[in-house]
>>> print(open('start24.csv').read())   # CSV, C-alpha atoms
chain,number,residue,atom,x,y,z
F,261,MET,CA,43.4,-82.7,-144.3
F,262,GLU,CA,42.5,-86.2,-143.3
F,263,LYS,CA,43.7,-87.4,-139.9
F,264,VAL,CA,45.4,-90.8,-140.0
F,265,ASN,CA,44.9,-91.7,-136.4
F,266,ASN,CA,43.4,-89.5,-133.7
F,267,LYS,CA,44.3,-91.9,-130.9
F,268,TYR,CA,47.3,-91.0,-128.9
F,269,GLY,CA,47.7,-93.3,-125.9
F,270,ALA,CA,50.0,-95.9,-124.5
F,271,GLU,CA,49.5,-98.3,-127.4
F,272,GLN,CA,50.8,-95.6,-129.8
F,273,ILE,CA,54.1,-95.4,-128.0
F,274,GLN,CA,56.6,-97.8,-129.6
F,275,VAL,CA,59.1,-99.5,-127.4
F,276,LEU,CA,62.0,-100.9,-129.4
F,277,GLU,CA,63.5,-103.9,-127.7
F,278,GLY,CA,67.3,-104.4,-127.6
F,279,LEU,CA,69.0,-103.6,-130.8
F,280,GLU,CA,65.8,-103.0,-132.8
F,281,ALA,CA,66.2,-99.3,-132.2
F,282,VAL,CA,69.6,-99.3,-133.9
F,283,ARG,CA,68.3,-101.0,-137.0
F,284,LYS,CA,65.4,-98.6,-137.2
F,285,ARG,CA,67.5,-95.4,-136.7
F,286,PRO,CA,71.1,-96.4,-137.6
F,287,GLY,CA,72.1,-92.8,-138.3
F,288,MET,CA,71.7,-91.9,-134.6
F,289,TYR,CA,74.4,-94.4,-133.7
F,290,ILE,CA,77.0,-94.3,-136.5
F,291,GLY,CA,76.3,-90.8,-138.1
F,292,SER,CA,74.9,-92.1,-141.4
F,293,THR,CA,74.3,-95.2,-143.6
F,294,SER,CA,76.6,-93.9,-146.3
F,295,VAL,CA,80.1,-95.2,-146.9
F,296,ARG,CA,81.2,-92.9,-144.0
F,297,GLY,CA,79.0,-94.9,-141.6
F,298,LEU,CA,80.1,-98.2,-143.1
F,299,HIS,CA,83.8,-97.3,-142.3
F,300,HIS,CA,82.7,-96.1,-138.8
F,301,CYS,CA,81.7,-99.7,-138.0
F,302,VAL,CA,85.2,-100.8,-138.7
F,303,TYR,CA,86.6,-98.0,-136.5
F,304,GLU,CA,84.3,-99.0,-133.6
F,305,ILE,CA,85.6,-102.5,-133.6
F,306,VAL,CA,89.3,-101.4,-134.0
F,307,ASP,CA,88.8,-98.9,-131.2
F,308,ASN,CA,88.2,-101.8,-128.7
F,309,GLY,CA,91.7,-103.1,-129.5
F,310,VAL,CA,93.1,-99.6,-129.3
F,311,ASP,CA,91.6,-99.2,-125.8
F,312,GLU,CA,93.3,-102.4,-124.8
F,313,ALA,CA,96.6,-100.9,-126.1
F,314,LEU,CA,96.0,-97.6,-124.2
F,315,ALA,CA,95.4,-99.8,-121.1
F,316,GLY,CA,98.7,-101.5,-121.7
F,317,TYR,CA,97.5,-104.9,-122.8
F,318,CYS,CA,97.5,-105.0,-126.6
F,319,THR,CA,100.5,-104.6,-129.0
F,320,GLU,CA,99.0,-105.7,-132.3
F,321,ILE,CA,95.8,-105.2,-134.3
F,322,ASN,CA,95.3,-106.9,-137.7
F,323,VAL,CA,92.5,-105.8,-140.0
F,324,ILE,CA,91.5,-107.7,-143.2
F,325,ILE,CA,89.0,-106.9,-145.9
F,326,GLU,CA,88.0,-110.3,-147.1
F,327,PRO,CA,86.4,-111.1,-150.4
F,328,GLY,CA,82.7,-110.2,-150.3
F,329,ASN,CA,83.5,-107.1,-148.1
F,330,ILE,CA,83.7,-109.2,-144.9
F,331,ILE,CA,85.7,-107.4,-142.2
F,332,SER,CA,88.0,-109.2,-139.8
F,333,VAL,CA,89.6,-107.4,-136.8
F,334,GLU,CA,91.9,-109.4,-134.5
F,335,ASP,CA,93.8,-108.0,-131.5
F,336,ASN,CA,96.1,-109.6,-128.9
F,337,GLY,CA,94.5,-107.8,-125.9
F,338,ARG,CA,93.1,-109.6,-122.8
F,339,GLY,CA,90.1,-111.1,-124.7
F,340,ILE,CA,86.5,-110.1,-123.8
F,341,PRO,CA,85.5,-111.6,-120.4
F,342,VAL,CA,83.5,-114.8,-120.8
F,343,GLU,CA,81.9,-115.3,-117.4
F,344,ILE,CA,78.2,-114.9,-116.8
F,345,HIS,CA,77.3,-111.3,-116.3
F,346,PRO,CA,75.5,-110.7,-113.0
F,347,LYS,CA,72.8,-108.3,-114.4
F,348,THR,CA,72.0,-110.0,-117.8
F,349,GLY,CA,72.4,-113.6,-116.8
F,350,ILE,CA,74.2,-114.4,-120.1
F,351,SER,CA,77.9,-114.4,-120.8
F,352,THR,CA,79.7,-111.0,-120.5
F,353,ALA,CA,80.9,-111.4,-124.1
F,354,GLU,CA,77.3,-111.9,-125.4
F,355,THR,CA,76.2,-108.9,-123.3
F,356,VAL,CA,78.8,-106.7,-124.9
F,357,TYR,CA,77.5,-107.6,-128.4
F,358,THR,CA,73.7,-107.6,-127.7
F,359,VAL,CA,73.0,-104.9,-125.1
F,360,LEU,CA,73.3,-101.2,-125.8
F,361,HIS,CA,75.5,-99.2,-123.4
F,362,ALA,CA,77.1,-102.4,-122.1
F,363,GLY,CA,80.8,-101.8,-122.0
F,364,GLY,CA,83.9,-101.5,-119.7
F,365,LYS,CA,84.2,-97.8,-120.2
F,366,PHE,CA,81.8,-96.1,-118.0
F,367,GLY,CA,84.0,-95.1,-115.1
F,368,GLY,CA,84.4,-96.8,-111.7
F,369,ASP,CA,86.6,-99.9,-111.7
F,370,SER,CA,86.3,-100.3,-115.5
F,371,GLY,CA,89.7,-101.5,-116.3
F,372,TYR,CA,90.1,-98.5,-118.7
F,373,LYS,CA,91.7,-95.2,-117.7
F,374,VAL,CA,90.6,-93.7,-121.0
F,375,SER,CA,89.0,-95.0,-124.1
F,376,GLY,CA,87.8,-94.0,-127.5
F,377,GLY,CA,84.6,-96.2,-127.8
F,378,LEU,CA,83.1,-94.7,-124.7
F,379,HIS,CA,79.4,-94.5,-125.6
F,380,GLY,CA,79.3,-98.3,-125.0
F,381,VAL,CA,77.5,-98.7,-128.3
F,382,GLY,CA,80.4,-99.8,-130.6
F,383,ALA,CA,80.3,-103.6,-130.6
F,384,SER,CA,76.5,-103.9,-130.2
F,385,VAL,CA,75.7,-101.4,-132.8
F,386,VAL,CA,78.1,-103.0,-135.4
F,387,ASN,CA,76.4,-106.3,-134.5
F,388,ALA,CA,72.9,-104.9,-135.0
F,389,LEU,CA,73.8,-103.4,-138.4
F,390,SER,CA,75.5,-106.6,-139.7
F,391,THR,CA,73.9,-109.5,-141.7
F,392,TRP,CA,76.1,-111.7,-139.5
F,393,THR,CA,78.8,-111.4,-136.9
F,394,GLU,CA,81.2,-114.0,-135.5
F,395,VAL,CA,83.3,-113.4,-132.4
F,396,THR,CA,86.2,-115.6,-131.3
F,397,ILE,CA,87.9,-115.1,-128.0
F,398,LYS,CA,91.2,-116.5,-126.6
F,399,ARG,CA,91.2,-116.4,-122.9
F,400,ASP,CA,92.0,-118.7,-119.9
F,401,GLY,CA,93.6,-121.3,-122.3
F,402,ASN,CA,90.4,-121.8,-124.2
F,403,LEU,CA,89.1,-120.7,-127.6
F,404,TYR,CA,85.5,-119.4,-127.4
F,405,GLN,CA,83.1,-118.5,-130.2
F,406,MET,CA,79.6,-117.0,-130.5
F,407,LYS,CA,77.6,-116.0,-133.6
F,408,PHE,CA,74.9,-113.5,-134.4
F,409,GLU,CA,72.5,-112.5,-137.2
F,410,LYS,CA,71.2,-109.0,-137.4
F,411,GLY,CA,72.0,-108.5,-133.7
F,412,LYS,CA,70.3,-111.6,-132.5
F,413,THR,CA,72.3,-114.5,-131.0
F,414,VAL,CA,72.3,-117.7,-133.1
F,415,GLN,CA,75.1,-119.5,-131.3
F,416,LYS,CA,75.7,-118.9,-127.7
F,417,LEU,CA,79.3,-118.5,-126.4
F,418,GLU,CA,80.9,-121.9,-126.3
F,419,VAL,CA,84.3,-123.5,-126.1
F,420,ILE,CA,85.5,-124.7,-129.5
F,421,GLY,CA,89.0,-125.7,-128.6
F,422,LYS,CA,92.2,-124.8,-126.8
F,423,ALA,CA,94.2,-121.6,-127.3
F,424,GLU,CA,97.5,-120.0,-126.3
F,425,GLY,CA,97.7,-116.4,-125.4
F,426,THR,CA,94.7,-113.9,-125.3
F,427,GLY,CA,92.8,-111.8,-127.7
F,428,THR,CA,89.6,-111.1,-129.6
F,429,LYS,CA,88.8,-111.7,-133.3
F,430,VAL,CA,85.6,-110.2,-134.8
F,431,ARG,CA,84.4,-111.0,-138.3
F,432,PHE,CA,81.3,-109.3,-139.7
F,433,LEU,CA,79.4,-108.6,-142.9
F,434,ALA,CA,77.6,-105.3,-142.8
F,435,ASP,CA,73.9,-105.4,-143.7
F,436,ASP,CA,73.3,-104.3,-147.4
F,437,THR,CA,69.7,-103.6,-146.5
F,438,ILE,CA,70.9,-100.8,-144.2
F,439,PHE,CA,74.0,-99.4,-145.9
F,440,GLU,CA,74.0,-97.7,-149.2
F,441,SER,CA,77.1,-99.6,-150.2
F,442,LEU,CA,79.3,-102.3,-148.7
F,443,ASP,CA,82.4,-101.3,-150.8
F,444,TYR,CA,85.1,-100.3,-148.3
F,445,ASP,CA,87.7,-97.8,-149.5
F,446,TYR,CA,91.1,-99.3,-148.6
F,447,SER,CA,92.8,-95.9,-148.7
F,448,VAL,CA,90.4,-94.4,-146.2
F,449,LEU,CA,91.0,-97.2,-143.8
F,450,GLU,CA,94.7,-97.2,-144.3
F,451,THR,CA,94.9,-93.4,-143.6
F,452,ARG,CA,92.9,-93.9,-140.3
F,453,PHE,CA,95.0,-96.8,-139.1
F,454,ARG,CA,98.2,-94.9,-139.9
F,455,GLU,CA,96.8,-92.1,-137.7
F,456,ILE,CA,96.0,-94.5,-134.9
F,457,ALA,CA,99.5,-96.0,-135.0
F,458,PHE,CA,101.1,-92.5,-134.8
F,459,LEU,CA,98.9,-91.7,-131.8
F,460,THR,CA,99.5,-95.0,-130.0
F,461,LYS,CA,103.2,-95.2,-129.6
F,462,GLY,CA,104.5,-98.8,-130.2
F,463,LEU,CA,101.1,-100.3,-131.3
F,464,LYS,CA,101.4,-102.3,-134.6
F,465,ILE,CA,98.5,-102.1,-136.9
F,466,THR,CA,98.2,-104.0,-140.2
F,467,ILE,CA,95.6,-103.7,-142.9
F,468,GLU,CA,95.2,-106.1,-145.8
F,469,ASP,CA,92.8,-106.0,-148.7
F,470,LYS,CA,92.2,-109.5,-150.1
F,471,ARG,CA,89.3,-108.6,-152.5
F,472,GLU,CA,91.6,-108.3,-155.5
F,473,GLU,CA,93.8,-110.9,-157.1
F,474,THR,CA,96.8,-108.9,-155.9
F,475,PRO,CA,96.2,-108.1,-152.2
F,476,LYS,CA,97.2,-104.7,-150.8
F,477,LYS,CA,98.8,-104.6,-147.4
F,478,ALA,CA,100.2,-102.0,-145.1
F,479,GLU,CA,101.8,-102.2,-141.6
F,480,PHE,CA,102.2,-99.3,-139.2
F,481,CYS,CA,104.2,-99.0,-136.0
F,482,PHE,CA,105.7,-95.7,-134.8
F,483,GLU,CA,108.0,-95.6,-131.7
F,484,GLY,CA,108.3,-91.8,-132.2
F,485,GLY,CA,104.6,-91.2,-131.7
F,486,LEU,CA,103.5,-87.6,-132.4
F,487,VAL,CA,107.0,-86.5,-133.5
F,488,SER,CA,106.8,-89.2,-136.2
F,489,PHE,CA,103.3,-88.0,-137.1
F,490,VAL,CA,104.4,-84.3,-137.6
F,491,GLU,CA,107.5,-85.5,-139.6
F,492,TYR,CA,105.3,-87.5,-141.8
F,493,LEU,CA,102.9,-84.6,-142.4
F,494,ASN,CA,105.8,-82.3,-143.2
F,495,LYS,CA,107.9,-84.7,-145.3
F,496,ASN,CA,107.6,-82.7,-148.5
F,497,LYS,CA,107.8,-79.2,-146.9
F,498,GLU,CA,110.7,-76.9,-146.1
F,499,LYS,CA,111.1,-76.8,-142.3
F,500,LEU,CA,112.1,-73.7,-140.3
F,501,HIS,CA,113.6,-76.0,-137.6
F,502,LYS,CA,114.9,-79.5,-138.0
F,503,SER,CA,113.2,-81.4,-135.3
F,504,PRO,CA,109.5,-81.0,-134.1
F,505,ILE,CA,109.0,-79.4,-130.7
F,506,TYR,CA,107.6,-82.1,-128.4
F,507,ILE,CA,105.9,-81.3,-125.1
F,508,GLU,CA,103.9,-83.6,-122.9
F,509,LYS,CA,102.2,-83.7,-119.5
F,510,ASP,CA,101.2,-86.8,-117.6
F,511,GLY,CA,98.7,-87.0,-114.8
F,512,GLU,CA,94.9,-87.3,-114.7
F,513,THR,CA,94.6,-85.7,-118.1
F,514,PRO,CA,97.6,-86.5,-120.2
F,515,VAL,CA,98.4,-84.0,-123.0
F,516,GLU,CA,100.9,-84.6,-125.8
F,517,ILE,CA,101.7,-82.0,-128.5
F,518,ALA,CA,104.2,-81.9,-131.4
F,519,ILE,CA,104.8,-78.7,-133.4
F,520,GLN,CA,107.0,-77.9,-136.4
F,521,TYR,CA,107.0,-74.7,-138.5
F,522,THR,CA,107.4,-74.8,-142.3
F,523,THR,CA,107.9,-72.0,-144.9
F,524,SER,CA,104.3,-72.6,-146.1
F,525,TYR,CA,101.5,-70.1,-145.5
F,526,SER,CA,98.8,-72.5,-144.3
F,527,GLU,CA,98.2,-73.8,-140.8
F,528,ASN,CA,97.7,-77.6,-140.2
F,529,ILE,CA,96.5,-78.4,-136.7
F,530,TYR,CA,95.2,-81.9,-136.0
F,531,THR,CA,93.4,-82.6,-132.7
F,532,PHE,CA,92.6,-85.9,-131.0
F,533,VAL,CA,90.8,-87.0,-127.9
F,534,ASN,CA,91.5,-90.6,-126.8
F,535,ASN,CA,92.8,-91.2,-130.3
F,536,ILE,CA,89.5,-89.9,-131.9
F,537,ASN,CA,90.1,-87.3,-134.6
F,538,THR,CA,88.1,-84.3,-133.4
F,539,ILE,CA,87.8,-82.7,-136.8
F,540,GLU,CA,85.7,-79.9,-135.5
F,541,GLY,CA,88.2,-79.1,-132.7
F,542,GLY,CA,86.8,-78.1,-129.4
F,543,THR,CA,88.2,-77.0,-126.0
F,544,HIS,CA,91.6,-78.6,-126.4
F,545,LEU,CA,92.2,-76.7,-129.7
F,546,GLU,CA,91.0,-73.5,-128.1
F,547,GLY,CA,93.4,-73.9,-125.2
F,548,PHE,CA,96.3,-74.6,-127.6
F,549,LYS,CA,95.6,-71.6,-129.8
F,550,ARG,CA,95.2,-69.2,-126.9
F,551,SER,CA,98.5,-70.4,-125.3
F,552,LEU,CA,100.4,-70.3,-128.6
F,553,THR,CA,99.4,-66.6,-129.1
F,554,LYS,CA,100.4,-65.7,-125.5
F,555,VAL,CA,103.7,-67.5,-125.4
F,556,PHE,CA,105.1,-66.1,-128.6
F,557,ASN,CA,104.0,-62.6,-127.8
F,558,ASP,CA,105.4,-62.8,-124.3
F,559,TYR,CA,108.7,-64.1,-125.7
F,560,ALA,CA,108.9,-61.4,-128.4
F,561,ARG,CA,108.2,-58.6,-125.8
F,562,SER,CA,110.7,-59.9,-123.2
F,563,HIS,CA,113.5,-60.3,-125.8
F,564,ASN,CA,112.7,-56.9,-127.4
F,565,ILE,CA,111.8,-58.4,-130.8
F,566,LEU,CA,108.4,-56.6,-130.4
F,567,LYS,CA,109.0,-53.0,-129.3
F,568,GLU,CA,106.8,-51.1,-126.9
F,569,LYS,CA,105.0,-49.2,-129.8
F,570,ASP,CA,104.4,-52.5,-131.8
F,571,GLN,CA,101.1,-54.2,-131.7
F,572,ASN,CA,100.8,-57.8,-130.4
F,573,LEU,CA,100.9,-60.5,-133.1
F,574,GLN,CA,97.6,-62.0,-133.9
F,575,GLY,CA,96.9,-65.8,-133.6
F,576,GLU,CA,96.6,-66.1,-137.4
F,577,ASP,CA,100.2,-64.6,-137.7
F,578,ILE,CA,101.6,-67.0,-135.2
F,579,ARG,CA,99.9,-70.0,-136.8
F,580,GLU,CA,101.0,-69.4,-140.3
F,581,GLY,CA,103.1,-72.3,-141.5
F,582,ILE,CA,102.5,-74.4,-138.4
F,583,THR,CA,102.0,-78.1,-138.4
F,584,ALA,CA,100.8,-79.4,-135.0
F,585,VAL,CA,99.2,-82.5,-133.5
F,586,VAL,CA,97.4,-82.0,-130.2
F,587,SER,CA,96.4,-85.2,-128.4
F,588,VAL,CA,94.6,-85.4,-125.1
F,589,LYS,CA,93.4,-88.3,-123.0
F,590,VAL,CA,90.3,-87.4,-121.1
F,591,LYS,CA,88.7,-89.7,-118.6
F,592,GLU,CA,85.1,-88.6,-119.2
F,593,PRO,CA,85.0,-86.6,-122.5
F,594,GLN,CA,81.9,-84.9,-123.6
F,595,PHE,CA,81.6,-85.1,-127.3
F,596,GLU,CA,79.0,-83.4,-129.5
F,597,GLY,CA,77.3,-86.2,-131.3
F,598,GLN,CA,78.0,-90.0,-131.5
F,599,THR,CA,80.5,-89.4,-134.3
F,600,LYS,CA,82.7,-87.5,-131.8
F,601,THR,CA,84.0,-84.6,-133.8
F,602,LYS,CA,84.1,-81.8,-131.2
F,603,LEU,CA,85.2,-81.9,-127.6
F,604,GLY,CA,83.1,-80.0,-125.1
F,605,ASN,CA,84.7,-80.4,-121.7
F,606,SER,CA,85.3,-76.8,-120.6
F,607,GLU,CA,88.1,-77.7,-118.1
F,608,ILE,CA,90.3,-79.0,-120.9
F,609,THR,CA,90.9,-75.4,-122.2
F,610,GLY,CA,92.7,-74.4,-119.0
F,611,ILE,CA,94.6,-77.7,-118.7
F,612,VAL,CA,96.1,-77.5,-122.3
F,613,GLN,CA,96.7,-73.7,-122.0
F,614,SER,CA,98.6,-74.0,-118.7
F,615,MET,CA,100.7,-76.9,-120.0
F,616,VAL,CA,101.6,-75.2,-123.2
F,617,ASN,CA,102.4,-71.9,-121.4
F,618,ASP,CA,104.9,-73.6,-119.2
F,619,SER,CA,106.5,-76.1,-121.5
F,620,LEU,CA,106.6,-74.0,-124.7
F,621,SER,CA,108.0,-71.0,-122.9
F,622,ALA,CA,110.7,-73.1,-121.4
F,623,PHE,CA,111.5,-74.6,-124.8
F,624,LEU,CA,111.8,-71.2,-126.5
F,625,GLU,CA,114.1,-69.9,-123.7
F,626,GLU,CA,116.4,-73.0,-124.2
F,627,ASN,CA,116.3,-72.9,-128.0
F,628,PRO,CA,116.6,-69.2,-129.0
F,629,ALA,CA,117.6,-70.0,-132.6
F,630,VAL,CA,114.2,-71.8,-133.1
F,631,ALA,CA,112.3,-69.0,-131.4
F,632,LYS,CA,114.0,-66.4,-133.6
F,633,ALA,CA,113.3,-68.3,-136.8
F,634,VAL,CA,109.6,-68.8,-136.0
F,635,LEU,CA,109.1,-65.2,-134.8
F,636,GLU,CA,110.7,-63.8,-138.0
F,637,LYS,CA,108.0,-65.8,-139.9
F,638,CYS,CA,105.3,-64.6,-137.6
F,639,ILE,CA,106.3,-60.9,-138.0
F,640,SER,CA,106.5,-61.3,-141.7
F,641,ALA,CA,102.9,-62.7,-141.7
F,642,TYR,CA,101.8,-59.8,-139.5
F,643,ARG,CA,103.3,-57.2,-142.0
F,644,ALA,CA,101.8,-59.0,-145.0
F,645,ARG,CA,98.4,-59.0,-143.3
F,646,GLU,CA,98.7,-55.3,-142.3
F,647,ALA,CA,99.8,-54.3,-145.9
F,648,ALA,CA,96.8,-56.2,-147.3
F,649,ARG,CA,94.5,-54.4,-144.8
F,650,LYS,CA,95.8,-51.0,-145.8
F,651,ALA,CA,95.5,-51.8,-149.5
F,652,ARG,CA,91.9,-52.8,-148.9
F,653,GLU,CA,91.2,-49.6,-147.0
F,654,LEU,CA,92.8,-47.5,-149.7
F,655,ALA,CA,90.8,-49.2,-152.4
F,656,ARG,CA,87.6,-48.6,-150.5
F,657,LYS,CA,88.4,-44.9,-149.9
F,658,LYS,CA,89.3,-44.5,-153.6
F,659,SER,CA,86.1,-46.1,-154.6
F,660,SER,CA,84.0,-43.9,-152.3
F,661,LEU,CA,85.7,-40.8,-153.5
F,662,GLU,CA,85.1,-41.7,-157.1
F,663,THR,CA,81.4,-42.3,-156.3
F,664,SER,CA,81.0,-39.0,-154.5
F,665,THR,CA,82.6,-36.9,-157.3
F,666,LEU,CA,80.3,-38.3,-160.0
F,667,PRO,CA,78.0,-35.7,-161.5
F,668,ARG,CA,74.5,-36.0,-160.0
F,669,LYS,CA,71.5,-36.3,-162.2
F,670,THR,CA,69.2,-33.4,-161.9
F,671,SER,CA,65.6,-33.4,-163.0
F,672,ARG,CA,64.3,-30.3,-164.8
F,673,LEU,CA,60.8,-29.3,-165.5
F,674,GLN,CA,60.4,-29.1,-169.2
>>> encode(input="start24.csv", output="structure tokens")
Amino acid sequence: MEKVNNKYGAEQIQVLEGLEAVRKRPGMYIGSTSVRGLHHCVYEIVDNGVDEALAGYCTEINVIIEPGNIISVEDNGRGIPVEIHPKTGISTAETVYTVLHAGGKFGGDSGYKVSGGLHGVGASVVNALSTWTEVTIKRDGNLYQMKFEKGKTVQKLEVIGKAEGTGTKVRFLADDTIFESLDYDYSVLETRFREIAFLTKGLKITIEDKREETPKKAEFCFEGGLVSFVEYLNKNKEKLHKSPIYIEKDGETPVEIAIQYTTSYSENIYTFVNNINTIEGGTHLEGFKRSLTKVFNDYARSHNILKEKDQNLQGEDIREGITAVVSVKVKEPQFEGQTKTKLGNSEITGIVQSMVNDSLSAFLEENPAVAKAVLEKCISAYRAREAARKARELARKKSSLETSTLPRKTSRLQ
């Protein structure tokens, strides 16, 4: 086999400057260059406004899909800082959009207690993967603007007028030489923004699609938070108890959980960390499941619903028919992968478990009718599971008996 190059020295080691690395290996930063990655770019920009809302400074985010698949995201947060950054020597706003891992979310006096976009790559990565980006900032009574092409600055931050209020507006056109398609799916974005509005009580999010002659538009704002979320998920189901169970804990690691049981046989548990949908679960889900199993078994034992001779209910019995949303806010979350689908912080298991143990136990004691209705369903699920197991065992025994009584072939010498 012919060797292409037998040299391996300093000159063979590539150093990708600035955002070149992002353009060369985009999948490392946004998961993929498919439609999923394309939508991820929108989420990264929206996340910055959500972080401002979590910090208490933003009440409204407006997203528009303009003709030509241009995305516009505007929030009424504090506006990205405009002063010269002491380390880069350029404006802080330009630094945020051109330097990887430059963000206000790395601990210390960052101005953010918790945040979703905490790899610090959101804004700069979207900028690098766009044909062009335009950022307009309202701050200190002025209207500022800067422009980029493929991650490079083509117009430095400058004052273009006066402005009332504060906020940031980002318009960008994703690069069609990087993404497989620039065709945004309105329904995918709408679903995600509804989710964010449920998780961020009081935040108003609008999405508008102006690509067609008849624009589509949706507006979301839920004062009920997670309770509204669970009610929405269960709107077409028969409920075992009228109102969702809502428990929360403030402090260093705030935890919010809403639970409602239905007559269905499936379990629907949605988990979030700093508003990010952790579709692969993680330590917060583990803590919730463990505690749920313990609390219901303890209640059933102490109220003689489960007798001494009875076995404990299994987790799957207790989760049958459940709809739950578990939301935790973690200061320094450890996610598996940039697309943030699984939480890895081991301490969160104990935090969630302890909170659910205390709060759910107290709820069940105060609401015996709800406890009874749910436990009846759990015991019914347990009996069905046991009956299915016994039927399988019986079928296996029958099968093995039939096999052993079949006449054996004997070979005879002729």
>>> residues_near_point(input="start24.csv", point="(105.4, -83.2, -139.2)", cutoff="12 Å", atoms="only C-alpha atoms", output="number ranges by chain")
F: 458, 484-506, 517-522, 527-530, 581-585
>>> atom_distance(input="start24.csv", atom1="atom CA of F:Ile330", atom2="atom CA of F:Tyr446")
12.9 Å
>>> atom_distance(input="start24.csv", atom1="atom CA of F:Gly575", atom2="atom CA of F:Gln594")
26.3 Å
>>> closest_residue(input="start24.csv", among="F:Lys422, F:Arg452, F:His299, F:Arg283", to="F:Asn402", atoms="only C-alpha atoms")
F:Lys422
>>> closest_residue(input="start24.csv", among="F:Arg338, F:Lys398, F:His345, F:Lys549", to="F:Ile420", atoms="all atoms listed in the file")
F:Lys398
>>> residues_around(input="start24.csv", residues="F:Asp436", least_positions_apart="4", cutoff="10 Å", atoms="all atoms listed in the file", output="MDAnalysis selection string")
chainID F and resid 293 389:391 440:442
>>> write_last_selection(input="start24.csv", atoms="C-alpha atoms", output="PDB file, in the frame of the given file")
ATOM      1  CA  THR F 293      74.300 -95.200-143.600  1.00  0.00           C
ATOM      2  CA  LEU F 389      73.800-103.400-138.400  1.00  0.00           C
ATOM      3  CA  SER F 390      75.500-106.600-139.700  1.00  0.00           C
ATOM      4  CA  THR F 391      73.900-109.500-141.700  1.00  0.00           C
ATOM      5  CA  GLU F 440      74.000 -97.700-149.200  1.00  0.00           C
ATOM      6  CA  SER F 441      77.100 -99.600-150.200  1.00  0.00           C
ATOM      7  CA  LEU F 442      79.300-102.300-148.700  1.00  0.00           C
TER       8      LEU F 442
END
>>> atom_distance(input="start24.csv", atom1="atom CA of F:Glu546", atom2="atom CA of F:Ser524")
22.4 Å
>>> residues_near_point(input="start24.csv", point="(100.1, -101.4, -137.7)", cutoff="8 Å", atoms="only C-alpha atoms", output="list in words")
Glu320, Ile321, Asn322, Phe453, Arg454, Ala457, Leu463, Lys464, Ile465, Thr466, Ile467, Ala478, Glu479, Phe480 and Cys481 of chain F
>>> residues_around(input="start24.csv", residues="F:Lys416", least_positions_apart="4", cutoff="8 Å", atoms="all atoms listed in the file", output="number ranges by chain")
F: 354, 405-407
>>> residues_around(input="start24.csv", residues="F:Tyr444", least_positions_apart="3", cutoff="12 Å", atoms="all atoms listed in the file", output="ChimeraX atom specification")
/F:294-302,324-331,433-434,439-441,447-450,468-471
>>> write_last_selection(input="start24.csv", atoms="C-alpha atoms", output="PDB file, in the coordinates of the input")
ATOM      1  CA  SER F 294      76.600 -93.900-146.300  1.00  0.00           C
ATOM      2  CA  VAL F 295      80.100 -95.200-146.900  1.00  0.00           C
ATOM      3  CA  ARG F 296      81.200 -92.900-144.000  1.00  0.00           C
ATOM      4  CA  GLY F 297      79.000 -94.900-141.600  1.00  0.00           C
ATOM      5  CA  LEU F 298      80.100 -98.200-143.100  1.00  0.00           C
ATOM      6  CA  HIS F 299      83.800 -97.300-142.300  1.00  0.00           C
ATOM      7  CA  HIS F 300      82.700 -96.100-138.800  1.00  0.00           C
ATOM      8  CA  CYS F 301      81.700 -99.700-138.000  1.00  0.00           C
ATOM      9  CA  VAL F 302      85.200-100.800-138.700  1.00  0.00           C
ATOM     10  CA  ILE F 324      91.500-107.700-143.200  1.00  0.00           C
ATOM     11  CA  ILE F 325      89.000-106.900-145.900  1.00  0.00           C
ATOM     12  CA  GLU F 326      88.000-110.300-147.100  1.00  0.00           C
ATOM     13  CA  PRO F 327      86.400-111.100-150.400  1.00  0.00           C
ATOM     14  CA  GLY F 328      82.700-110.200-150.300  1.00  0.00           C
ATOM     15  CA  ASN F 329      83.500-107.100-148.100  1.00  0.00           C
ATOM     16  CA  ILE F 330      83.700-109.200-144.900  1.00  0.00           C
ATOM     17  CA  ILE F 331      85.700-107.400-142.200  1.00  0.00           C
ATOM     18  CA  LEU F 433      79.400-108.600-142.900  1.00  0.00           C
ATOM     19  CA  ALA F 434      77.600-105.300-142.800  1.00  0.00           C
ATOM     20  CA  PHE F 439      74.000 -99.400-145.900  1.00  0.00           C
ATOM     21  CA  GLU F 440      74.000 -97.700-149.200  1.00  0.00           C
ATOM     22  CA  SER F 441      77.100 -99.600-150.200  1.00  0.00           C
ATOM     23  CA  SER F 447      92.800 -95.900-148.700  1.00  0.00           C
ATOM     24  CA  VAL F 448      90.400 -94.400-146.200  1.00  0.00           C
ATOM     25  CA  LEU F 449      91.000 -97.200-143.800  1.00  0.00           C
ATOM     26  CA  GLU F 450      94.700 -97.200-144.300  1.00  0.00           C
ATOM     27  CA  GLU F 468      95.200-106.100-145.800  1.00  0.00           C
ATOM     28  CA  ASP F 469      92.800-106.000-148.700  1.00  0.00           C
ATOM     29  CA  LYS F 470      92.200-109.500-150.100  1.00  0.00           C
ATOM     30  CA  ARG F 471      89.300-108.600-152.500  1.00  0.00           C
TER      31      ARG F 471
END
>>> residues_around(input="start24.csv", residues="F:Gly427", least_positions_apart="3", cutoff="6 Å", atoms="all atoms listed in the file", output="ChimeraX atom specification")
/F:335-339,397-398
>>> write_last_selection(input="start24.csv", atoms="C-alpha atoms", output="compact mmCIF listing (two decimals), in the frame of the given file")
# COMPACT_ATOMS: atom_id res chain seq x y z
CA ASP F 335 93.80 -108.00 -131.50
CA ASN F 336 96.10 -109.60 -128.90
CA GLY F 337 94.50 -107.80 -125.90
CA ARG F 338 93.10 -109.60 -122.80
CA GLY F 339 90.10 -111.10 -124.70
CA ILE F 397 87.90 -115.10 -128.00
CA LYS F 398 91.20 -116.50 -126.60
